[in-house]
$ cat structure_14.cif   # mmCIF, C-alpha atoms
data_start
loop_
_atom_site.label_atom_id
_atom_site.label_comp_id
_atom_site.auth_asym_id
_atom_site.auth_seq_id
_atom_site.Cartn_x
_atom_site.Cartn_y
_atom_site.Cartn_z
CA MET A 1 0.00 0.00 0.00
CA LEU A 2 1.32 3.41 -0.96
CA VAL A 3 1.69 5.86 1.93
CA PRO A 4 1.33 9.55 1.00
CA ASP A 5 4.39 11.67 1.60
CA PRO A 6 3.58 13.84 4.67
CA ASN A 7 5.94 16.57 3.49
CA SER A 8 4.20 16.67 0.13
CA LEU A 9 0.79 16.82 1.83
CA VAL A 10 1.88 19.70 4.08
CA LEU A 11 3.28 21.61 1.11
CA SER A 12 0.12 20.98 -0.91
CA THR A 13 -2.02 22.20 1.99
CA ILE A 14 -0.02 25.40 2.37
CA VAL A 15 0.15 26.19 -1.34
CA TRP A 16 -3.43 25.42 -2.35
CA SER A 17 -4.96 26.90 0.79
CA ALA A 18 -3.02 30.11 0.22
CA ILE A 19 -4.05 30.21 -3.44
CA THR A 20 -7.73 29.59 -2.67
CA ILE A 21 -7.95 32.11 0.17
CA GLY A 22 -5.88 34.66 -1.74
CA LEU A 23 -8.10 34.41 -4.81
CA TYR A 24 -11.21 34.73 -2.66
CA LEU A 25 -9.91 37.89 -0.97
CA ALA A 26 -8.94 39.34 -4.34
CA CYS A 27 -12.39 38.58 -5.73
CA LYS A 28 -13.99 40.31 -2.74
CA ARG A 29 -12.04 43.46 -3.55
CA VAL A 30 -13.10 43.23 -7.18
CA TYR A 31 -16.74 42.80 -6.18
CA GLY A 32 -16.47 45.76 -3.81
CA ARG A 33 -15.61 48.00 -6.78
CA TRP A 34 -17.72 46.38 -9.52
CA GLN A 35 -20.83 44.80 -8.06
CA ARG A 36 -22.02 42.56 -10.86
CA TRP A 37 -23.32 39.00 -10.53
CA TRP A 38 -20.36 37.65 -12.52
CA THR A 39 -17.87 39.38 -10.18
CA ALA A 40 -19.39 37.84 -7.02
CA PRO A 41 -16.67 35.92 -5.10
CA LEU A 42 -18.85 32.80 -5.10
CA ALA A 43 -18.89 32.84 -8.90
CA LEU A 44 -15.43 34.20 -9.71
CA THR A 45 -13.26 32.35 -7.18
CA PRO A 46 -14.11 28.79 -8.37
CA LEU A 47 -13.49 29.79 -11.99
CA LEU A 48 -10.07 31.22 -11.15
CA VAL A 49 -9.18 28.15 -9.07
CA ILE A 50 -10.14 25.92 -12.00
CA LEU A 51 -7.94 27.96 -14.33
CA VAL A 52 -4.99 27.72 -11.94
CA THR A 53 -5.35 23.96 -11.52
CA LEU A 54 -5.64 23.46 -15.29
CA PHE A 55 -2.64 25.68 -16.01
CA SER A 56 -0.56 23.88 -13.37
CA HIS A 57 -1.82 20.41 -14.43
CA THR A 58 -3.00 19.74 -10.87
CA SER A 59 -5.48 16.90 -10.31
CA TYR A 60 -8.66 17.29 -8.31
CA GLN A 61 -7.37 14.79 -5.76
CA THR A 62 -4.28 16.92 -5.14
CA TYR A 63 -6.27 20.12 -4.83
CA ILE A 64 -8.96 18.73 -2.51
CA GLY A 65 -6.29 17.01 -0.43
CA GLY A 66 -4.66 20.38 0.22
CA THR A 67 -7.89 22.25 0.95
CA ARG A 68 -9.98 19.62 2.71
CA TRP A 69 -9.71 21.54 5.98
CA LEU A 70 -11.68 24.38 4.35
CA VAL A 71 -14.44 21.92 3.49
CA THR A 72 -14.36 20.60 7.07
CA LEU A 73 -15.06 24.11 8.35
CA LEU A 74 -18.48 23.94 6.70
CA GLY A 75 -19.60 21.76 9.61
CA PRO A 76 -19.13 24.43 12.31
CA CYS A 77 -20.88 26.89 9.99
CA VAL A 78 -24.09 25.00 10.68
CA VAL A 79 -23.80 25.93 14.37
CA ALA A 80 -23.28 29.57 13.40
CA PHE A 81 -26.68 29.55 11.71
CA ALA A 82 -28.20 29.68 15.20
CA ILE A 83 -27.05 33.30 15.52
CA PRO A 84 -29.57 34.88 13.08
CA ILE A 85 -32.32 32.77 14.62
CA TYR A 86 -31.48 34.13 18.07
CA GLU A 87 -31.09 37.72 16.88
CA LYS A 88 -34.40 37.71 15.02
CA TRP A 89 -36.46 35.67 17.44
CA GLU A 90 -39.19 38.31 17.51
CA VAL A 91 -39.55 38.07 13.73
CA ILE A 92 -39.77 34.27 13.98
CA ARG A 93 -42.37 34.43 16.74
CA LYS A 94 -44.50 36.83 14.72
CA GLU A 95 -44.05 35.44 11.21
CA TRP A 96 -43.29 31.74 11.83
CA PRO A 97 -46.37 30.40 9.94
CA VAL A 98 -45.36 32.29 6.78
CA LEU A 99 -41.71 31.28 7.09
CA VAL A 100 -42.52 27.61 7.69
CA VAL A 101 -44.99 27.42 4.80
CA GLY A 102 -42.49 29.22 2.57
CA ALA A 103 -39.71 26.80 3.52
CA VAL A 104 -41.90 23.74 2.90
CA VAL A 105 -43.21 25.00 -0.45
CA GLY A 106 -39.76 26.21 -1.53
CA SER A 107 -38.15 22.86 -0.69
CA ALA A 108 -40.91 20.88 -2.42
CA VAL A 109 -40.72 22.96 -5.61
CA SER A 110 -36.92 22.81 -5.64
CA ILE A 111 -36.75 19.05 -5.19
CA ALA A 112 -39.59 18.28 -7.62
CA SER A 113 -38.24 20.56 -10.35
CA ALA A 114 -34.69 19.19 -9.94
CA TRP A 115 -35.90 15.60 -10.19
CA MET A 116 -38.12 16.24 -13.23
CA LEU A 117 -35.50 18.22 -15.13
CA SER A 118 -32.73 15.71 -14.36
CA SER A 119 -35.01 12.89 -15.53
CA ALA A 120 -35.90 14.79 -18.70
CA PHE A 121 -32.21 15.30 -19.53
CA GLY A 122 -31.35 11.68 -18.79
CA LEU A 123 -28.97 12.24 -15.86
CA THR A 124 -27.75 9.22 -13.92
CA THR A 125 -29.25 8.33 -10.55
CA ASP A 126 -26.14 9.58 -8.75
CA GLN A 127 -26.35 12.92 -10.56
CA ARG A 128 -30.05 13.23 -9.82
CA LEU A 129 -29.56 12.59 -6.11
CA SER A 130 -26.67 15.05 -6.06
CA LEU A 131 -28.87 17.71 -7.68
CA LEU A 132 -31.86 17.42 -5.33
CA PRO A 133 -30.53 19.49 -2.38
CA ARG A 134 -29.12 22.27 -4.61
CA SER A 135 -31.31 25.02 -3.09
CA VAL A 136 -30.00 24.85 0.47
CA SER A 137 -26.71 26.12 1.87
CA THR A 138 -23.61 24.02 1.23
CA PRO A 139 -23.20 22.43 4.71
CA PHE A 140 -26.81 21.26 4.71
CA ALA A 141 -26.75 20.27 1.03
CA MET A 142 -23.63 18.13 1.30
CA ASP A 143 -25.01 16.36 4.37
CA VAL A 144 -28.34 15.66 2.64
CA SER A 145 -26.54 14.45 -0.49
CA ARG A 146 -24.44 12.05 1.57
CA HIS A 147 -27.54 10.62 3.27
CA ILE A 148 -29.56 10.05 0.10
CA GLY A 149 -26.73 8.48 -1.89
CA GLY A 150 -25.51 11.44 -3.94
CA THR A 151 -21.98 12.83 -4.33
CA PRO A 152 -21.43 15.69 -1.85
CA GLU A 153 -18.67 17.30 -3.93
CA LEU A 154 -20.94 17.37 -6.99
CA THR A 155 -23.76 18.74 -4.88
CA ALA A 156 -21.51 21.60 -3.78
CA VAL A 157 -21.03 22.56 -7.44
CA PHE A 158 -24.80 22.57 -8.02
CA VAL A 159 -25.27 24.68 -4.88
CA ILE A 160 -22.78 27.30 -6.11
CA ILE A 161 -24.42 27.49 -9.53
CA THR A 162 -27.88 27.81 -7.97
CA GLY A 163 -26.72 30.49 -5.54
CA VAL A 164 -24.99 32.61 -8.17
CA PHE A 165 -27.86 32.57 -10.65
CA GLY A 166 -30.52 32.85 -7.93
CA ALA A 167 -28.89 35.96 -6.49
CA ALA A 168 -28.42 37.41 -9.99
CA PHE A 169 -32.03 36.97 -11.09
CA GLY A 170 -33.67 37.55 -7.71
CA GLU A 171 -33.33 41.32 -7.88
CA THR A 172 -34.55 41.28 -11.49
CA LEU A 173 -37.76 39.58 -10.33
CA PHE A 174 -38.50 42.62 -8.17
CA ARG A 175 -38.91 44.63 -11.35
CA TRP A 176 -41.35 42.10 -12.80
CA LEU A 177 -43.34 41.21 -9.70
CA PRO A 178 -45.06 43.69 -7.34
CA ILE A 179 -43.22 42.51 -4.23
CA SER A 180 -43.08 45.27 -1.62
CA SER A 181 -43.06 43.25 1.62
CA THR A 182 -39.63 42.95 3.22
CA ILE A 183 -40.61 39.47 4.46
CA ALA A 184 -41.46 38.31 0.93
CA ARG A 185 -38.36 39.91 -0.60
CA GLY A 186 -36.07 38.33 1.96
CA ALA A 187 -37.77 34.94 1.72
CA LEU A 188 -37.34 34.99 -2.06
CA PHE A 189 -33.57 35.31 -1.75
CA GLY A 190 -33.22 32.87 1.15
CA ALA A 191 -35.32 30.15 -0.44
CA GLY A 192 -34.02 30.53 -3.98
CA ALA A 193 -30.33 31.28 -3.54
CA HIS A 194 -29.34 30.25 0.04
CA GLY A 195 -26.02 31.86 1.17
CA ALA A 196 -25.47 33.91 -1.99
CA GLY A 197 -29.06 35.07 -1.74
CA VAL A 198 -28.60 36.13 1.88
CA ALA A 199 -25.59 38.24 0.90
CA LYS A 200 -27.58 39.85 -1.91
CA ALA A 201 -30.58 40.40 0.35
CA HIS A 202 -28.39 42.33 2.79
CA GLU A 203 -27.47 44.63 -0.09
CA VAL A 204 -31.19 45.25 -0.69
CA GLY A 205 -32.02 45.95 2.95
CA ARG A 206 -31.22 44.99 6.54
CA GLU A 207 -34.54 43.28 7.26
CA GLU A 208 -34.52 41.50 3.90
CA GLY A 209 -31.12 40.07 4.78
CA SER A 210 -32.29 38.86 8.18
CA VAL A 211 -35.39 37.18 6.75
CA ALA A 212 -33.33 35.59 3.97
CA GLY A 213 -30.99 34.14 6.60
CA LEU A 214 -33.91 32.70 8.56
CA MET A 215 -35.45 31.18 5.45
CA MET A 216 -32.12 29.65 4.46
CA VAL A 217 -31.78 28.04 7.90
CA PHE A 218 -35.36 26.73 7.90
CA MET A 219 -34.96 25.17 4.46
CA GLY A 220 -31.64 23.62 5.44
CA LEU A 221 -33.00 22.08 8.63
CA LEU A 222 -36.10 20.84 6.80
CA ASN A 223 -34.01 19.14 4.13
CA VAL A 224 -31.70 17.49 6.68
CA VAL A 225 -34.64 16.18 8.72
CA CYS A 226 -36.39 14.87 5.59
CA ALA A 227 -33.23 13.34 4.07
CA PRO A 228 -34.12 9.73 5.04
CA LEU A 229 -37.56 10.20 3.48
CA LEU A 230 -35.98 11.54 0.30
CA ALA A 231 -33.61 8.60 0.18
CA HIS A 232 -36.54 6.19 0.35
CA PHE A 233 -38.74 7.76 -2.33
CA MET A 234 -36.17 9.19 -4.76
CA LYS A 235 -34.10 6.07 -5.52
#
$ encode --input "structure_14.cif" --output "structure tokens"
Amino acid sequence: MLVPDPNSLVLSTIVWSAITIGLYLACKRVYGRWQRWWTAPLALTPLLVILVTLFSHTSYQTYIGGTRWLVTLLGPCVVAFAIPIYEKWEVIRKEWPVLVVGAVVGSAVSIASAWMLSSAFGLTTDQRLSLLPRSVSTPFAMDVSRHIGGTPELTAVFVIITGVFGAAFGETLFRWLPISSTIARGALFGAGAHGAGVAKAHEVGREEGSVAGLMMVFMGLLNVVCAPLLAHFMK
């Protein structure tokens, strides 16, 4: 059995972690000056990382081996989601029926549309199961994907794509639909674009951002709780 060189692993971790974090910080500065959906760090950073790995002929296994600790940090992020719930408890107490119904309907529409579209395009079962939790934040989505038999890494890609496009088109919908309620505007971003949507909602307004965060958490928890049920009916 081949044993990985610890020195090589340490070097890979230092180099690829520095590259990934450095590119993310650079993209944040770019987005601060030119706020366009295609300059969002969530969209631009992965593309730049891909270009660097292709140019350097680095395999996915090498890259993920050096940055796995960043993926591991997604777990503690789930605990941090309790903060917006605590801070906006009054909003939850007052609007919980609307938020719960919105989370249930949003999750059902997301899962049903993902399954029907993936079936229409002839995706494999693994790809279908990886696509189902695309509309919840990455920590939740990867956990759901793992439970229902999908590929968590592939799910993370679908989550990023959904977040970027959801945040980009969410504000456009405000011009087409007469949505004036801060609750509805925030819920739209939180349900449709998870973390990226929350960031965009905060740009729209403070209350919209808070509601988007709550909706994102509710949908994530709902999907995690229902993961065994999904695994039973979707295979």
$ closest_atom_pairs --input "structure_14.cif" --of "stretch 142-175 of chain A" --to "stretch 182-206 of chain A" --cutoff "7 Å" --atoms "only C-alpha atoms" --output "tab-separated table"
residue	atom	partner	partner_atom	distance
A:Thr162	CA	A:Ala193	CA	6.1
A:Gly163	CA	A:Ala193	CA	4.2
A:Val164	CA	A:Ala196	CA	6.3
A:Gly166	CA	A:Ala193	CA	4.7
A:Ala167	CA	A:Gly197	CA	4.8
A:Gly170	CA	A:Phe189	CA	6.4
$ resolve_selection --input "structure_14.cif" --expression "the PyMOL selection byres ((chain A and resi 89-93) around 12)" --output "JSON, numbers by chain"
{"A": [82, 83, 84, 85, 86, 87, 88, 94, 95, 96, 97, 98, 99, 100, 182, 183, 207, 208, 210, 211, 212, 213, 214, 215, 217, 218]}
$ atom_distance --input "structure_14.cif" --atom1 "atom CA of A:Thr20" --atom2 "atom CA of A:Ser145"
24.2 Å
$ atom_distance --input "structure_14.cif" --atom1 "atom CA of A:Met219" --atom2 "atom CA of A:Val105"
9.6 Å
$ closest_residue --input "structure_14.cif" --among "A:Ser119, A:Thr67, A:Asn223, A:Ser180" --to "A:Met142" --atoms "all atoms listed in the file"
A:Asn223
$ residues_around --input "structure_14.cif" --residues "A:Ile21" --least-positions-apart "3" --cutoff "12 Å" --atoms "all atoms listed in the file" --output "PyMOL selection string"
chain A and resi 13-18+24-28+41+45-46+48-49+67+70
$ residues_around --input "structure_14.cif" --residues "A:Trp37" --least-positions-apart "4" --cutoff "9 Å" --atoms "all atoms listed in the file" --output "ChimeraX atom specification"
/A:31,43,164-165,167-169
$ atom_distance --input "structure_14.cif" --atom1 "atom CA of A:Thr72" --atom2 "atom CA of A:Val225"
20.8 Å
$ closest_residue --input "structure_14.cif" --among "A:Ala120, A:Ala156, A:Val30, A:Val10" --to "A:Trp69" --atoms "all atoms listed in the file"
A:Val10
$ residues_around --input "structure_14.cif" --residues "stretch 121-134 of chain A" --least-positions-apart "5" --cutoff "6 Å" --atoms "all atoms listed in the file" --output "NGL selection string"
:A and (111 or 114 or 141 or 145 or 150-151 or 155 or 158-159)
$ closest_residue --input "structure_14.cif" --among "A:Val79, A:Phe55, A:Leu73, A:Ile160" --to "A:Ala40" --atoms "all atoms listed in the file"
A:Ile160
$ closest_residue --input "structure_14.cif" --among "A:Leu42, A:Leu74, A:Val136, A:Ile161" --to "A:Ala103" --atoms "only C-alpha atoms"
A:Val136
$ closest_residue --input "structure_14.cif" --among "A:Ser110, A:Leu23, A:Pro76, A:Gln35" --to "A:Val52" --atoms "all atoms listed in the file"
A:Leu23
$ closest_residue --input "structure_14.cif" --among "A:Leu173, A:Ile19, A:Val224, A:Met216" --to "A:Thr53" --atoms "all atoms listed in the file"
A:Ile19
$ axis_aligned_box --input "structure_14.cif" --around "stretch 195-202 of chain A" --padding-each-side "4 Å" --output "AutoDock Vina command-line options"
--center_x -28.0 --center_y 37.1 --center_z 0.4 --size_x 13.1 --size_y 18.5 --size_z 12.8
$ decode --input "structure_14.cif" --residues "stretch 158-189 of chain A" --atoms "N, CA and C atoms" --output "PDB file, in the first residue's frame"
ATOM      1  N   PHE A 158     -23.428  22.179  -7.699  1.00  0.00           N
ATOM      2  CA  PHE A 158     -24.799  22.573  -8.025  1.00  0.00           C
ATOM      3  C   PHE A 158     -25.281  23.696  -7.103  1.00  0.00           C
ATOM      4  N   VAL A 159     -24.878  23.642  -5.842  1.00  0.00           N
ATOM      5  CA  VAL A 159     -25.266  24.676  -4.882  1.00  0.00           C
ATOM      6  C   VAL A 159     -24.692  26.025  -5.298  1.00  0.00           C
ATOM      7  N   ILE A 160     -23.424  26.049  -5.689  1.00  0.00           N
ATOM      8  CA  ILE A 160     -22.785  27.302  -6.108  1.00  0.00           C
ATOM      9  C   ILE A 160     -23.479  27.885  -7.327  1.00  0.00           C
ATOM     10  N   ILE A 161     -23.754  27.031  -8.311  1.00  0.00           N
ATOM     11  CA  ILE A 161     -24.422  27.495  -9.531  1.00  0.00           C
ATOM     12  C   ILE A 161     -25.803  28.063  -9.205  1.00  0.00           C
ATOM     13  N   THR A 162     -26.552  27.349  -8.362  1.00  0.00           N
ATOM     14  CA  THR A 162     -27.883  27.807  -7.970  1.00  0.00           C
ATOM     15  C   THR A 162     -27.813  29.134  -7.238  1.00  0.00           C
ATOM     16  N   GLY A 163     -26.859  29.262  -6.315  1.00  0.00           N
ATOM     17  CA  GLY A 163     -26.724  30.493  -5.545  1.00  0.00           C
ATOM     18  C   GLY A 163     -26.377  31.692  -6.400  1.00  0.00           C
ATOM     19  N   VAL A 164     -25.428  31.508  -7.315  1.00  0.00           N
ATOM     20  CA  VAL A 164     -24.992  32.614  -8.165  1.00  0.00           C
ATOM     21  C   VAL A 164     -26.128  33.103  -9.060  1.00  0.00           C
ATOM     22  N   PHE A 165     -26.791  32.173  -9.740  1.00  0.00           N
ATOM     23  CA  PHE A 165     -27.861  32.566 -10.652  1.00  0.00           C
ATOM     24  C   PHE A 165     -29.107  33.026  -9.896  1.00  0.00           C
ATOM     25  N   GLY A 166     -29.368  32.412  -8.733  1.00  0.00           N
ATOM     26  CA  GLY A 166     -30.517  32.848  -7.933  1.00  0.00           C
ATOM     27  C   GLY A 166     -30.352  34.264  -7.429  1.00  0.00           C
ATOM     28  N   ALA A 167     -29.153  34.602  -6.958  1.00  0.00           N
ATOM     29  CA  ALA A 167     -28.886  35.963  -6.493  1.00  0.00           C
ATOM     30  C   ALA A 167     -28.927  36.958  -7.650  1.00  0.00           C
ATOM     31  N   ALA A 168     -28.457  36.521  -8.829  1.00  0.00           N
ATOM     32  CA  ALA A 168     -28.418  37.409  -9.991  1.00  0.00           C
ATOM     33  C   ALA A 168     -29.819  37.759 -10.484  1.00  0.00           C
ATOM     34  N   PHE A 169     -30.707  36.752 -10.543  1.00  0.00           N
ATOM     35  CA  PHE A 169     -32.032  36.971 -11.094  1.00  0.00           C
ATOM     36  C   PHE A 169     -33.066  37.364 -10.046  1.00  0.00           C
ATOM     37  N   GLY A 170     -32.715  37.201  -8.755  1.00  0.00           N
ATOM     38  CA  GLY A 170     -33.668  37.549  -7.709  1.00  0.00           C
ATOM     39  C   GLY A 170     -34.045  39.013  -7.724  1.00  0.00           C
ATOM     40  N   GLU A 171     -33.053  39.888  -7.865  1.00  0.00           N
ATOM     41  CA  GLU A 171     -33.331  41.323  -7.883  1.00  0.00           C
ATOM     42  C   GLU A 171     -34.098  41.713  -9.142  1.00  0.00           C
ATOM     43  N   THR A 172     -33.829  41.010 -10.244  1.00  0.00           N
ATOM     44  CA  THR A 172     -34.552  41.276 -11.490  1.00  0.00           C
ATOM     45  C   THR A 172     -36.034  40.979 -11.335  1.00  0.00           C
ATOM     46  N   LEU A 173     -36.357  39.935 -10.542  1.00  0.00           N
ATOM     47  CA  LEU A 173     -37.763  39.584 -10.329  1.00  0.00           C
ATOM     48  C   LEU A 173     -38.536  40.706  -9.652  1.00  0.00           C
ATOM     49  N   PHE A 174     -37.823  41.511  -8.840  1.00  0.00           N
ATOM     50  CA  PHE A 174     -38.498  42.616  -8.172  1.00  0.00           C
ATOM     51  C   PHE A 174     -39.051  43.630  -9.176  1.00  0.00           C
ATOM     52  N   ARG A 175     -38.431  43.700 -10.334  1.00  0.00           N
ATOM     53  CA  ARG A 175     -38.908  44.631 -11.355  1.00  0.00           C
ATOM     54  C   ARG A 175     -40.123  44.059 -12.095  1.00  0.00           C
ATOM     55  N   TRP A 176     -40.244  42.746 -12.092  1.00  0.00           N
ATOM     56  CA  TRP A 176     -41.352  42.103 -12.803  1.00  0.00           C
ATOM     57  C   TRP A 176     -42.542  41.823 -11.902  1.00  0.00           C
ATOM     58  N   LEU A 177     -42.271  41.565 -10.625  1.00  0.00           N
ATOM     59  CA  LEU A 177     -43.340  41.207  -9.698  1.00  0.00           C
ATOM     60  C   LEU A 177     -43.547  42.326  -8.673  1.00  0.00           C
ATOM     61  N   PRO A 178     -44.787  42.622  -8.313  1.00  0.00           N
ATOM     62  CA  PRO A 178     -45.055  43.691  -7.344  1.00  0.00           C
ATOM     63  C   PRO A 178     -44.817  43.233  -5.906  1.00  0.00           C
ATOM     64  N   ILE A 179     -43.556  42.982  -5.569  1.00  0.00           N
ATOM     65  CA  ILE A 179     -43.217  42.509  -4.226  1.00  0.00           C
ATOM     66  C   ILE A 179     -42.697  43.689  -3.408  1.00  0.00           C
ATOM     67  N   SER A 180     -43.480  44.137  -2.457  1.00  0.00           N
ATOM     68  CA  SER A 180     -43.080  45.271  -1.618  1.00  0.00           C
ATOM     69  C   SER A 180     -42.768  44.864  -0.184  1.00  0.00           C
ATOM     70  N   SER A 181     -43.275  43.714   0.251  1.00  0.00           N
ATOM     71  CA  SER A 181     -43.064  43.248   1.620  1.00  0.00           C
ATOM     72  C   SER A 181     -41.611  42.839   1.839  1.00  0.00           C
ATOM     73  N   THR A 182     -41.022  43.325   2.915  1.00  0.00           N
ATOM     74  CA  THR A 182     -39.634  42.950   3.224  1.00  0.00           C
ATOM     75  C   THR A 182     -39.532  41.464   3.546  1.00  0.00           C
ATOM     76  N   ILE A 183     -40.598  40.903   4.145  1.00  0.00           N
ATOM     77  CA  ILE A 183     -40.611  39.475   4.457  1.00  0.00           C
ATOM     78  C   ILE A 183     -40.563  38.663   3.160  1.00  0.00           C
ATOM     79  N   ALA A 184     -41.407  39.034   2.202  1.00  0.00           N
ATOM     80  CA  ALA A 184     -41.458  38.306   0.930  1.00  0.00           C
ATOM     81  C   ALA A 184     -40.161  38.467   0.151  1.00  0.00           C
ATOM     82  N   ARG A 185     -39.591  39.668   0.147  1.00  0.00           N
ATOM     83  CA  ARG A 185     -38.363  39.909  -0.601  1.00  0.00           C
ATOM     84  C   ARG A 185     -37.203  39.114  -0.010  1.00  0.00           C
ATOM     85  N   GLY A 186     -37.129  39.097   1.307  1.00  0.00           N
ATOM     86  CA  GLY A 186     -36.070  38.332   1.957  1.00  0.00           C
ATOM     87  C   GLY A 186     -36.244  36.839   1.779  1.00  0.00           C
ATOM     88  N   ALA A 187     -37.500  36.371   1.885  1.00  0.00           N
ATOM     89  CA  ALA A 187     -37.771  34.944   1.722  1.00  0.00           C
ATOM     90  C   ALA A 187     -37.425  34.483   0.318  1.00  0.00           C
ATOM     91  N   LEU A 188     -37.660  35.339  -0.676  1.00  0.00           N
ATOM     92  CA  LEU A 188     -37.342  34.987  -2.059  1.00  0.00           C
ATOM     93  C   LEU A 188     -35.860  34.670  -2.213  1.00  0.00           C
ATOM     94  N   PHE A 189     -35.013  35.526  -1.654  1.00  0.00           N
ATOM     95  CA  PHE A 189     -33.574  35.307  -1.750  1.00  0.00           C
ATOM     96  C   PHE A 189     -33.121  34.103  -0.929  1.00  0.00           C
TER      97      PHE A 189
END
